[in-house]
$ cat query-v6.pdb   # PDB, C-alpha atoms, pLDDT in the B column
ATOM      1  CA  ALA A   1     132.077  83.482 185.065  1.00 70.00           C
ATOM      2  CA  GLN A   2     133.836  83.005 181.797  1.00 79.00           C
ATOM      3  CA  SER A   3     133.600  85.838 179.303  1.00 88.00           C
ATOM      4  CA  VAL A   4     135.296  87.198 176.225  1.00 93.00           C
ATOM      5  CA  THR A   5     135.505  90.861 175.253  1.00 95.00           C
ATOM      6  CA  GLN A   6     136.312  92.172 171.816  1.00 96.00           C
ATOM      7  CA  PRO A   7     136.359  95.934 172.323  1.00 96.00           C
ATOM      8  CA  ASP A   8     136.386  96.893 168.650  1.00 95.00           C
ATOM      9  CA  ILE A   9     133.105  96.360 166.810  1.00 94.00           C
ATOM     10  CA  HIS A  10     134.378  97.626 163.449  1.00 96.00           C
ATOM     11  CA  ILE A  11     137.896  98.173 162.167  1.00 97.00           C
ATOM     12  CA  THR A  12     138.949  99.529 158.792  1.00 97.00           C
ATOM     13  CA  VAL A  13     142.484  99.130 157.504  1.00 97.00           C
ATOM     14  CA  SER A  14     144.093  99.771 154.150  1.00 97.00           C
ATOM     15  CA  GLU A  15     145.216  96.846 152.058  1.00 97.00           C
ATOM     16  CA  GLY A  16     148.846  96.068 152.868  1.00 97.00           C
ATOM     17  CA  ALA A  17     148.672  97.632 156.320  1.00 97.00           C
ATOM     18  CA  SER A  18     149.187  95.687 159.515  1.00 97.00           C
ATOM     19  CA  LEU A  19     146.294  94.503 161.628  1.00 97.00           C
ATOM     20  CA  GLU A  20     145.719  93.834 165.296  1.00 97.00           C
ATOM     21  CA  LEU A  21     142.371  92.686 166.683  1.00 98.00           C
ATOM     22  CA  ARG A  22     141.992  92.773 170.426  1.00 98.00           C
ATOM     23  CA  CYS A  23     140.583  90.079 172.655  1.00 97.00           C
ATOM     24  CA  ASN A  24     140.388  89.944 176.439  1.00 96.00           C
ATOM     25  CA  TYR A  25     139.035  87.005 178.390  1.00 94.00           C
ATOM     26  CA  SER A  26     137.968  86.191 181.886  1.00 90.00           C
ATOM     27  CA  TYR A  27     138.589  82.623 182.969  1.00 82.00           C
ATOM     28  CA  GLY A  28     139.743  81.134 186.246  1.00 74.00           C
ATOM     29  CA  ALA A  29     142.039  78.412 184.980  1.00 77.00           C
ATOM     30  CA  THR A  30     144.430  78.077 182.059  1.00 76.00           C
ATOM     31  CA  PRO A  31     142.286  78.903 179.063  1.00 84.00           C
ATOM     32  CA  TYR A  32     142.037  77.297 175.678  1.00 90.00           C
ATOM     33  CA  LEU A  33     141.841  80.225 173.279  1.00 93.00           C
ATOM     34  CA  PHE A  34     140.661  80.384 169.699  1.00 95.00           C
ATOM     35  CA  TRP A  35     140.232  82.812 166.849  1.00 97.00           C
ATOM     36  CA  TYR A  36     137.615  82.147 164.198  1.00 97.00           C
ATOM     37  CA  VAL A  37     136.799  83.984 160.974  1.00 97.00           C
ATOM     38  CA  GLN A  38     133.400  84.232 159.346  1.00 95.00           C
ATOM     39  CA  SER A  39     132.936  85.337 155.761  1.00 91.00           C
ATOM     40  CA  PRO A  40     129.522  86.792 154.870  1.00 86.00           C
ATOM     41  CA  GLY A  41     126.778  84.166 154.898  1.00 80.00           C
ATOM     42  CA  GLN A  42     129.141  81.424 155.995  1.00 83.00           C
ATOM     43  CA  GLY A  43     129.926  79.431 159.082  1.00 87.00           C
ATOM     44  CA  LEU A  44     132.994  79.995 161.229  1.00 92.00           C
ATOM     45  CA  GLN A  45     136.432  78.746 160.282  1.00 94.00           C
ATOM     46  CA  LEU A  46     139.230  78.215 162.780  1.00 94.00           C
ATOM     47  CA  LEU A  47     142.229  80.519 162.270  1.00 96.00           C
ATOM     48  CA  LEU A  48     144.343  79.360 165.208  1.00 95.00           C
ATOM     49  CA  LYS A  49     144.231  78.124 168.757  1.00 93.00           C
ATOM     50  CA  TYR A  50     146.296  78.203 171.910  1.00 92.00           C
ATOM     51  CA  PHE A  51     146.222  75.563 174.615  1.00 86.00           C
ATOM     52  CA  SER A  52     149.757  75.381 175.998  1.00 82.00           C
ATOM     53  CA  GLY A  53     153.397  76.004 175.221  1.00 83.00           C
ATOM     54  CA  ASP A  54     154.659  78.838 173.079  1.00 86.00           C
ATOM     55  CA  THR A  55     152.586  81.930 173.671  1.00 90.00           C
ATOM     56  CA  LEU A  56     152.929  83.074 170.054  1.00 95.00           C
ATOM     57  CA  VAL A  57     150.686  80.928 167.886  1.00 95.00           C
ATOM     58  CA  GLN A  58     150.752  80.746 164.111  1.00 96.00           C
ATOM     59  CA  GLY A  59     147.600  80.127 162.157  1.00 96.00           C
ATOM     60  CA  ILE A  60     146.284  79.889 158.646  1.00 95.00           C
ATOM     61  CA  LYS A  61     146.190  82.725 156.110  1.00 94.00           C
ATOM     62  CA  GLY A  62     149.252  84.414 157.666  1.00 96.00           C
ATOM     63  CA  PHE A  63     147.596  85.203 161.013  1.00 97.00           C
ATOM     64  CA  GLU A  64     149.233  84.914 164.409  1.00 97.00           C
ATOM     65  CA  ALA A  65     148.124  85.575 167.962  1.00 97.00           C
ATOM     66  CA  GLU A  66     149.923  86.120 171.228  1.00 96.00           C
ATOM     67  CA  PHE A  67     148.696  84.871 174.570  1.00 94.00           C
ATOM     68  CA  LYS A  68     149.534  87.231 177.436  1.00 93.00           C
ATOM     69  CA  ARG A  69     148.441  85.767 180.733  1.00 91.00           C
ATOM     70  CA  SER A  70     149.253  88.910 182.740  1.00 91.00           C
ATOM     71  CA  GLN A  71     146.918  90.940 180.539  1.00 93.00           C
ATOM     72  CA  SER A  72     144.315  88.208 179.974  1.00 93.00           C
ATOM     73  CA  SER A  73     144.635  88.935 176.293  1.00 95.00           C
ATOM     74  CA  PHE A  74     144.879  86.961 173.068  1.00 96.00           C
ATOM     75  CA  ASN A  75     145.258  89.530 170.299  1.00 98.00           C
ATOM     76  CA  LEU A  76     145.208  88.542 166.646  1.00 98.00           C
ATOM     77  CA  ARG A  77     147.737  90.040 164.237  1.00 98.00           C
ATOM     78  CA  LYS A  78     148.614  90.033 160.584  1.00 98.00           C
ATOM     79  CA  PRO A  79     151.541  91.986 159.146  1.00 97.00           C
ATOM     80  CA  SER A  80     149.951  92.803 155.790  1.00 97.00           C
ATOM     81  CA  VAL A  81     146.211  92.654 155.195  1.00 97.00           C
ATOM     82  CA  HIS A  82     144.712  91.465 151.912  1.00 96.00           C
ATOM     83  CA  TRP A  83     141.300  92.487 150.568  1.00 95.00           C
ATOM     84  CA  SER A  84     140.148  88.877 151.029  1.00 94.00           C
ATOM     85  CA  ASP A  85     140.649  89.238 154.798  1.00 96.00           C
ATOM     86  CA  ALA A  86     137.511  91.379 155.050  1.00 96.00           C
ATOM     87  CA  ALA A  87     135.252  89.341 157.322  1.00 97.00           C
ATOM     88  CA  GLU A  88     134.093  89.105 160.903  1.00 96.00           C
ATOM     89  CA  TYR A  89     136.484  87.732 163.496  1.00 97.00           C
ATOM     90  CA  PHE A  90     135.528  86.010 166.712  1.00 96.00           C
ATOM     91  CA  CYS A  91     137.650  85.268 169.740  1.00 96.00           C
ATOM     92  CA  ALA A  92     136.587  82.365 171.951  1.00 94.00           C
ATOM     93  CA  VAL A  93     137.645  80.646 175.146  1.00 91.00           C
ATOM     94  CA  GLY A  94     137.043  76.964 175.795  1.00 87.00           C
ATOM     95  CA  ASP A  95     136.830  75.340 179.197  1.00 80.00           C
ATOM     96  CA  ASN A  96     137.621  71.843 180.454  1.00 73.00           C
ATOM     97  CA  PHE A  97     134.055  70.741 179.840  1.00 72.00           C
ATOM     98  CA  ASN A  98     134.059  71.405 176.097  1.00 76.00           C
ATOM     99  CA  LYS A  99     132.025  74.556 176.427  1.00 82.00           C
ATOM    100  CA  PHE A 100     133.011  77.606 174.440  1.00 88.00           C
ATOM    101  CA  TYR A 101     132.413  81.280 175.090  1.00 89.00           C
ATOM    102  CA  PHE A 102     132.534  83.755 172.234  1.00 92.00           C
ATOM    103  CA  GLY A 103     133.171  87.448 171.994  1.00 93.00           C
ATOM    104  CA  SER A 104     130.733  89.655 170.117  1.00 93.00           C
ATOM    105  CA  GLY A 105     132.989  89.833 167.070  1.00 95.00           C
ATOM    106  CA  THR A 106     134.995  92.445 165.167  1.00 96.00           C
ATOM    107  CA  LYS A 107     134.077  93.307 161.584  1.00 96.00           C
ATOM    108  CA  LEU A 108     137.086  94.057 159.450  1.00 97.00           C
ATOM    109  CA  ASN A 109     136.820  96.254 156.378  1.00 97.00           C
ATOM    110  CA  VAL A 110     139.759  96.518 154.010  1.00 97.00           C
ATOM    111  CA  LYS A 111     140.208  99.692 151.935  1.00 95.00           C
ATOM    112  CA  PRO A 112     141.788  99.287 148.501  1.00 90.00           C
TER     113      PRO A 112
ATOM    114  CA  ASP B 113     138.010  67.100 156.311  1.00 68.00           C
ATOM    115  CA  VAL B 114     135.330  67.404 158.936  1.00 66.00           C
ATOM    116  CA  LYS B 115     132.018  68.301 157.459  1.00 90.00           C
ATOM    117  CA  VAL B 116     129.100  69.692 159.380  1.00 95.00           C
ATOM    118  CA  THR B 117     126.012  69.972 157.228  1.00 95.00           C
ATOM    119  CA  GLN B 118     122.955  72.000 158.053  1.00 95.00           C
ATOM    120  CA  SER B 119     120.037  70.888 155.957  1.00 89.00           C
ATOM    121  CA  SER B 120     118.466  74.283 155.348  1.00 90.00           C
ATOM    122  CA  ARG B 121     120.390  77.470 154.575  1.00 92.00           C
ATOM    123  CA  TYR B 122     117.342  79.712 154.480  1.00 95.00           C
ATOM    124  CA  LEU B 123     113.904  79.213 155.997  1.00 95.00           C
ATOM    125  CA  VAL B 124     110.855  81.436 156.246  1.00 97.00           C
ATOM    126  CA  LYS B 125     108.197  80.397 158.744  1.00 97.00           C
ATOM    127  CA  ARG B 126     105.094  81.904 160.275  1.00 97.00           C
ATOM    128  CA  THR B 127     104.564  82.679 163.941  1.00 97.00           C
ATOM    129  CA  GLY B 128     103.361  79.610 165.792  1.00 97.00           C
ATOM    130  CA  GLU B 129     104.763  77.082 163.343  1.00 97.00           C
ATOM    131  CA  LYS B 130     106.949  74.212 164.526  1.00 97.00           C
ATOM    132  CA  VAL B 131     110.427  74.444 163.046  1.00 97.00           C
ATOM    133  CA  PHE B 132     113.066  71.740 162.727  1.00 97.00           C
ATOM    134  CA  LEU B 133     116.699  72.571 162.029  1.00 97.00           C
ATOM    135  CA  GLU B 134     118.805  69.555 161.196  1.00 97.00           C
ATOM    136  CA  CYS B 135     122.545  69.131 161.548  1.00 97.00           C
ATOM    137  CA  VAL B 136     124.726  66.188 160.571  1.00 97.00           C
ATOM    138  CA  GLN B 137     128.459  65.704 161.129  1.00 96.00           C
ATOM    139  CA  ASP B 138     130.585  63.052 159.489  1.00 94.00           C
ATOM    140  CA  MET B 139     133.590  62.769 161.812  1.00 89.00           C
ATOM    141  CA  ASP B 140     132.190  60.749 164.706  1.00 91.00           C
ATOM    142  CA  HIS B 141     132.432  63.694 167.090  1.00 91.00           C
ATOM    143  CA  GLU B 142     131.000  63.187 170.553  1.00 91.00           C
ATOM    144  CA  ASN B 143     129.919  66.784 171.119  1.00 92.00           C
ATOM    145  CA  MET B 144     127.420  68.798 169.136  1.00 94.00           C
ATOM    146  CA  PHE B 145     126.207  72.321 169.698  1.00 95.00           C
ATOM    147  CA  TRP B 146     123.552  74.759 168.565  1.00 97.00           C
ATOM    148  CA  TYR B 147     124.353  78.448 168.642  1.00 96.00           C
ATOM    149  CA  ARG B 148     122.342  81.487 167.774  1.00 96.00           C
ATOM    150  CA  GLN B 149     124.104  84.424 166.143  1.00 94.00           C
ATOM    151  CA  ASP B 150     122.730  87.957 166.233  1.00 93.00           C
ATOM    152  CA  PRO B 151     124.488  91.192 165.242  1.00 87.00           C
ATOM    153  CA  GLY B 152     126.459  92.669 168.121  1.00 84.00           C
ATOM    154  CA  LEU B 153     125.779  89.701 170.380  1.00 88.00           C
ATOM    155  CA  GLY B 154     128.215  87.188 168.968  1.00 88.00           C
ATOM    156  CA  LEU B 155     127.353  83.521 169.338  1.00 92.00           C
ATOM    157  CA  ARG B 156     125.115  82.390 172.161  1.00 93.00           C
ATOM    158  CA  LEU B 157     124.828  78.740 173.107  1.00 93.00           C
ATOM    159  CA  ILE B 158     121.314  77.312 172.979  1.00 96.00           C
ATOM    160  CA  TYR B 159     121.909  73.621 173.713  1.00 96.00           C
ATOM    161  CA  PHE B 160     124.706  71.144 173.493  1.00 93.00           C
ATOM    162  CA  SER B 161     125.001  67.379 173.571  1.00 94.00           C
ATOM    163  CA  TYR B 162     127.986  65.276 174.610  1.00 91.00           C
ATOM    164  CA  ASP B 163     126.502  61.904 173.746  1.00 90.00           C
ATOM    165  CA  VAL B 164     123.523  60.278 172.089  1.00 92.00           C
ATOM    166  CA  LYS B 165     120.300  61.105 173.913  1.00 88.00           C
ATOM    167  CA  MET B 166     122.189  63.449 176.218  1.00 90.00           C
ATOM    168  CA  LYS B 167     121.624  67.182 176.197  1.00 93.00           C
ATOM    169  CA  GLU B 168     122.391  70.174 178.311  1.00 93.00           C
ATOM    170  CA  LYS B 169     120.985  73.657 178.301  1.00 94.00           C
ATOM    171  CA  GLY B 170     123.173  76.471 177.190  1.00 92.00           C
ATOM    172  CA  ASP B 171     122.732  80.133 177.921  1.00 90.00           C
ATOM    173  CA  ILE B 172     119.482  80.753 176.020  1.00 95.00           C
ATOM    174  CA  PRO B 173     117.436  77.512 175.889  1.00 97.00           C
ATOM    175  CA  GLU B 174     114.015  79.113 176.326  1.00 96.00           C
ATOM    176  CA  GLY B 175     111.734  78.411 173.389  1.00 96.00           C
ATOM    177  CA  TYR B 176     113.974  75.656 172.011  1.00 97.00           C
ATOM    178  CA  SER B 177     114.395  71.940 172.397  1.00 97.00           C
ATOM    179  CA  VAL B 178     116.844  69.465 170.853  1.00 97.00           C
ATOM    180  CA  SER B 179     117.038  65.850 169.857  1.00 96.00           C
ATOM    181  CA  ARG B 180     120.022  63.575 169.412  1.00 96.00           C
ATOM    182  CA  GLU B 181     118.920  60.056 168.516  1.00 94.00           C
ATOM    183  CA  LYS B 182     122.064  59.228 166.544  1.00 95.00           C
ATOM    184  CA  LYS B 183     125.623  60.315 167.163  1.00 95.00           C
ATOM    185  CA  GLU B 184     125.960  62.135 163.870  1.00 96.00           C
ATOM    186  CA  ARG B 185     122.693  64.074 163.994  1.00 97.00           C
ATOM    187  CA  PHE B 186     121.595  66.907 166.263  1.00 97.00           C
ATOM    188  CA  SER B 187     118.277  68.638 165.693  1.00 97.00           C
ATOM    189  CA  LEU B 188     117.066  71.952 167.006  1.00 98.00           C
ATOM    190  CA  ILE B 189     113.325  72.344 167.436  1.00 97.00           C
ATOM    191  CA  LEU B 190     111.300  75.491 167.818  1.00 97.00           C
ATOM    192  CA  GLU B 191     107.980  74.247 169.151  1.00 94.00           C
ATOM    193  CA  SER B 192     106.123  77.461 168.337  1.00 97.00           C
ATOM    194  CA  ALA B 193     108.197  79.927 166.403  1.00 97.00           C
ATOM    195  CA  SER B 194     108.095  83.582 167.357  1.00 97.00           C
ATOM    196  CA  THR B 195     109.387  86.659 165.581  1.00 97.00           C
ATOM    197  CA  ASN B 196     112.144  87.122 168.163  1.00 96.00           C
ATOM    198  CA  GLN B 197     113.593  83.802 167.045  1.00 98.00           C
ATOM    199  CA  THR B 198     114.464  85.283 163.667  1.00 98.00           C
ATOM    200  CA  SER B 199     118.205  84.738 163.570  1.00 97.00           C
ATOM    201  CA  MET B 200     121.164  82.829 162.158  1.00 95.00           C
ATOM    202  CA  TYR B 201     121.519  79.376 163.707  1.00 97.00           C
ATOM    203  CA  LEU B 202     124.890  77.667 163.690  1.00 96.00           C
ATOM    204  CA  CYS B 203     125.542  74.019 164.396  1.00 96.00           C
ATOM    205  CA  ALA B 204     128.980  72.826 165.489  1.00 95.00           C
ATOM    206  CA  SER B 205     130.699  69.658 166.597  1.00 93.00           C
ATOM    207  CA  SER B 206     133.867  68.776 168.474  1.00 90.00           C
ATOM    208  CA  VAL B 207     135.770  65.885 169.972  1.00 85.00           C
ATOM    209  CA  THR B 208     136.001  65.451 173.716  1.00 76.00           C
ATOM    210  CA  SER B 209     139.582  66.442 174.350  1.00 69.00           C
ATOM    211  CA  ALA B 210     141.497  69.347 175.747  1.00 63.00           C
ATOM    212  CA  ALA B 211     141.478  72.217 173.297  1.00 65.00           C
ATOM    213  CA  GLY B 212     139.354  70.327 170.794  1.00 78.00           C
ATOM    214  CA  GLU B 213     138.072  73.050 168.550  1.00 86.00           C
ATOM    215  CA  LEU B 214     134.590  73.541 167.166  1.00 91.00           C
ATOM    216  CA  PHE B 215     133.783  72.722 163.559  1.00 92.00           C
ATOM    217  CA  PHE B 216     130.873  74.735 162.209  1.00 94.00           C
ATOM    218  CA  GLY B 217     128.230  74.265 159.593  1.00 94.00           C
ATOM    219  CA  GLU B 218     127.390  77.061 157.189  1.00 93.00           C
ATOM    220  CA  GLY B 219     124.412  78.214 159.190  1.00 94.00           C
ATOM    221  CA  SER B 220     120.647  78.332 158.800  1.00 95.00           C
ATOM    222  CA  ARG B 221     119.073  81.740 158.489  1.00 95.00           C
ATOM    223  CA  LEU B 222     115.553  81.602 159.884  1.00 97.00           C
ATOM    224  CA  THR B 223     113.000  84.347 159.367  1.00 97.00           C
ATOM    225  CA  VAL B 224     109.775  84.165 161.361  1.00 97.00           C
ATOM    226  CA  LEU B 225     106.969  86.350 160.031  1.00 96.00           C
TER     227      LEU B 225
END
$ encode --input "query-v6.pdb" --output "structure tokens"
Amino acid sequence: AQSVTQPDIHITVSEGASLELRCNYSYGATPYLFWYVQSPGQGLQLLLKYFSGDTLVQGIKGFEAEFKRSQSSFNLRKPSVHWSDAAEYFCAVGDNFNKFYFGSGTKLNVKP
Amino acid sequence: DVKVTQSSRYLVKRTGEKVFLECVQDMDHENMFWYRQDPGLGLRLIYFSYDVKMKEKGDIPEGYSVSREKKERFSLILESASTNQTSMYLCASSVTSAAGELFFGEGSRLTVL
């Protein structure tokens, strides 16, 4: 069965520091992978997605993610975090039938 | 820009009441979804619809029903609300294509007393 694991529930980083959020998935075929961000009280906004081609994907707000098939991972990175990046981040996998499976989320706190 | 609008941001209902959550999208998307979001559990799919009058159960359909009479509108119905249905409800839509992403509304926070 398809599943997504985000092993870190909470992460705190200092402003200006680098960030990596982990995501592992379980899916039998080539996955479509997504990262979403949710600000408090808001819906989810797409940061980036992978569906084929280059395994390093660039997204909005300076985020990138790397697809590693051998590790079943799709980790999200940002070289320098801003205070406005504090939010909850969700990794998701989509299948060929337009169904999506979400991880449980990682809450990011940013220290001044 | 795609816009998914959920009619109510905050609702407070009593146990046993019938609750309607409405969602409208303006980009002619074929697929529409209702998710429930609870802390530590991420998003769980309640129902989805890939066409007018079509619906399929998601992972947690018990206690919910849906209606899609028009392509742009997808309603979630709680026939008899219970306290364990207190949650954030998120509506989303997507096109039917490989890697078509979900577009979300801002959510409806329902409290059942």
$ interface_residues --input "query-v6.pdb" --of "chain B" --to "chain A" --cutoff "8 Å" --atoms "all atoms listed in the file" --output "list in words"
Asn143, Gly152, Leu153, Gly154, Leu155, Arg156, Leu202, Thr208, Ser209, Ala210, Ala211, Gly212, Glu213, Leu214, Phe215, Phe216, Gly217, Glu218 and Gly219 of chain B
$ residues_near_point --input "query-v6.pdb" --point "(110.9, 81.8, 158.7)" --cutoff "10 Å" --atoms "only C-alpha atoms" --output "VMD selection string"
chain B and resid 122 to 127 129 131 193 to 195 197 to 199 221 to 225
$ resolve_selection --input "query-v6.pdb" --expression "the PyMOL selection byres ((chain A and resi 65) around 10)" --output "list of chain:residue names"
A:Glu20, A:Leu21, A:Arg22, A:Cys23, A:Leu33, A:Phe34, A:Trp35, A:Leu47, A:Leu48, A:Lys49, A:Tyr50, A:Thr55, A:Leu56, A:Val57, A:Gln58, A:Gly59, A:Phe63, A:Glu64, A:Glu66, A:Phe67, A:Lys68, A:Ser73, A:Phe74, A:Asn75, A:Leu76, A:Arg77, A:Lys78
$ atom_distance --input "query-v6.pdb" --atom1 "atom CA of B:Leu188" --atom2 "atom CA of B:Phe132"
5.9 Å
$ closest_residue --input "query-v6.pdb" --among "A:Gly28, A:Gly62, A:Pro79, A:Gly53" --to "A:Val13" --atoms "all atoms listed in the file"
A:Pro79
$ resolve_selection --input "query-v6.pdb" --expression "the PyMOL selection byres ((chain B and resi 118) around 9)" --output "short mmCIF file (atom, residue, chain, number, x, y, z; two decimals) with C-alpha atoms, keeping the file's coordinate frame"
data_model
loop_
_atom_site.label_atom_id
_atom_site.label_comp_id
_atom_site.auth_asym_id
_atom_site.auth_seq_id
_atom_site.Cartn_x
_atom_site.Cartn_y
_atom_site.Cartn_z
CA VAL B 116 129.10 69.69 159.38
CA THR B 117 126.01 69.97 157.23
CA SER B 119 120.04 70.89 155.96
CA SER B 120 118.47 74.28 155.35
CA ARG B 121 120.39 77.47 154.57
CA LEU B 133 116.70 72.57 162.03
CA GLU B 134 118.80 69.56 161.20
CA CYS B 135 122.54 69.13 161.55
CA VAL B 136 124.73 66.19 160.57
CA GLN B 137 128.46 65.70 161.13
CA LEU B 202 124.89 77.67 163.69
CA CYS B 203 125.54 74.02 164.40
CA GLY B 217 128.23 74.26 159.59
CA GLU B 218 127.39 77.06 157.19
CA GLY B 219 124.41 78.21 159.19
CA SER B 220 120.65 78.33 158.80
#
$ residues_around --input "query-v6.pdb" --residues "B:Ser161" --least-positions-apart "5" --cutoff "12 Å" --atoms "all atoms listed in the file" --output "PyMOL selection string"
(chain A and resi 97-99) or (chain B and resi 141-146+166-170+177-188+203-208)
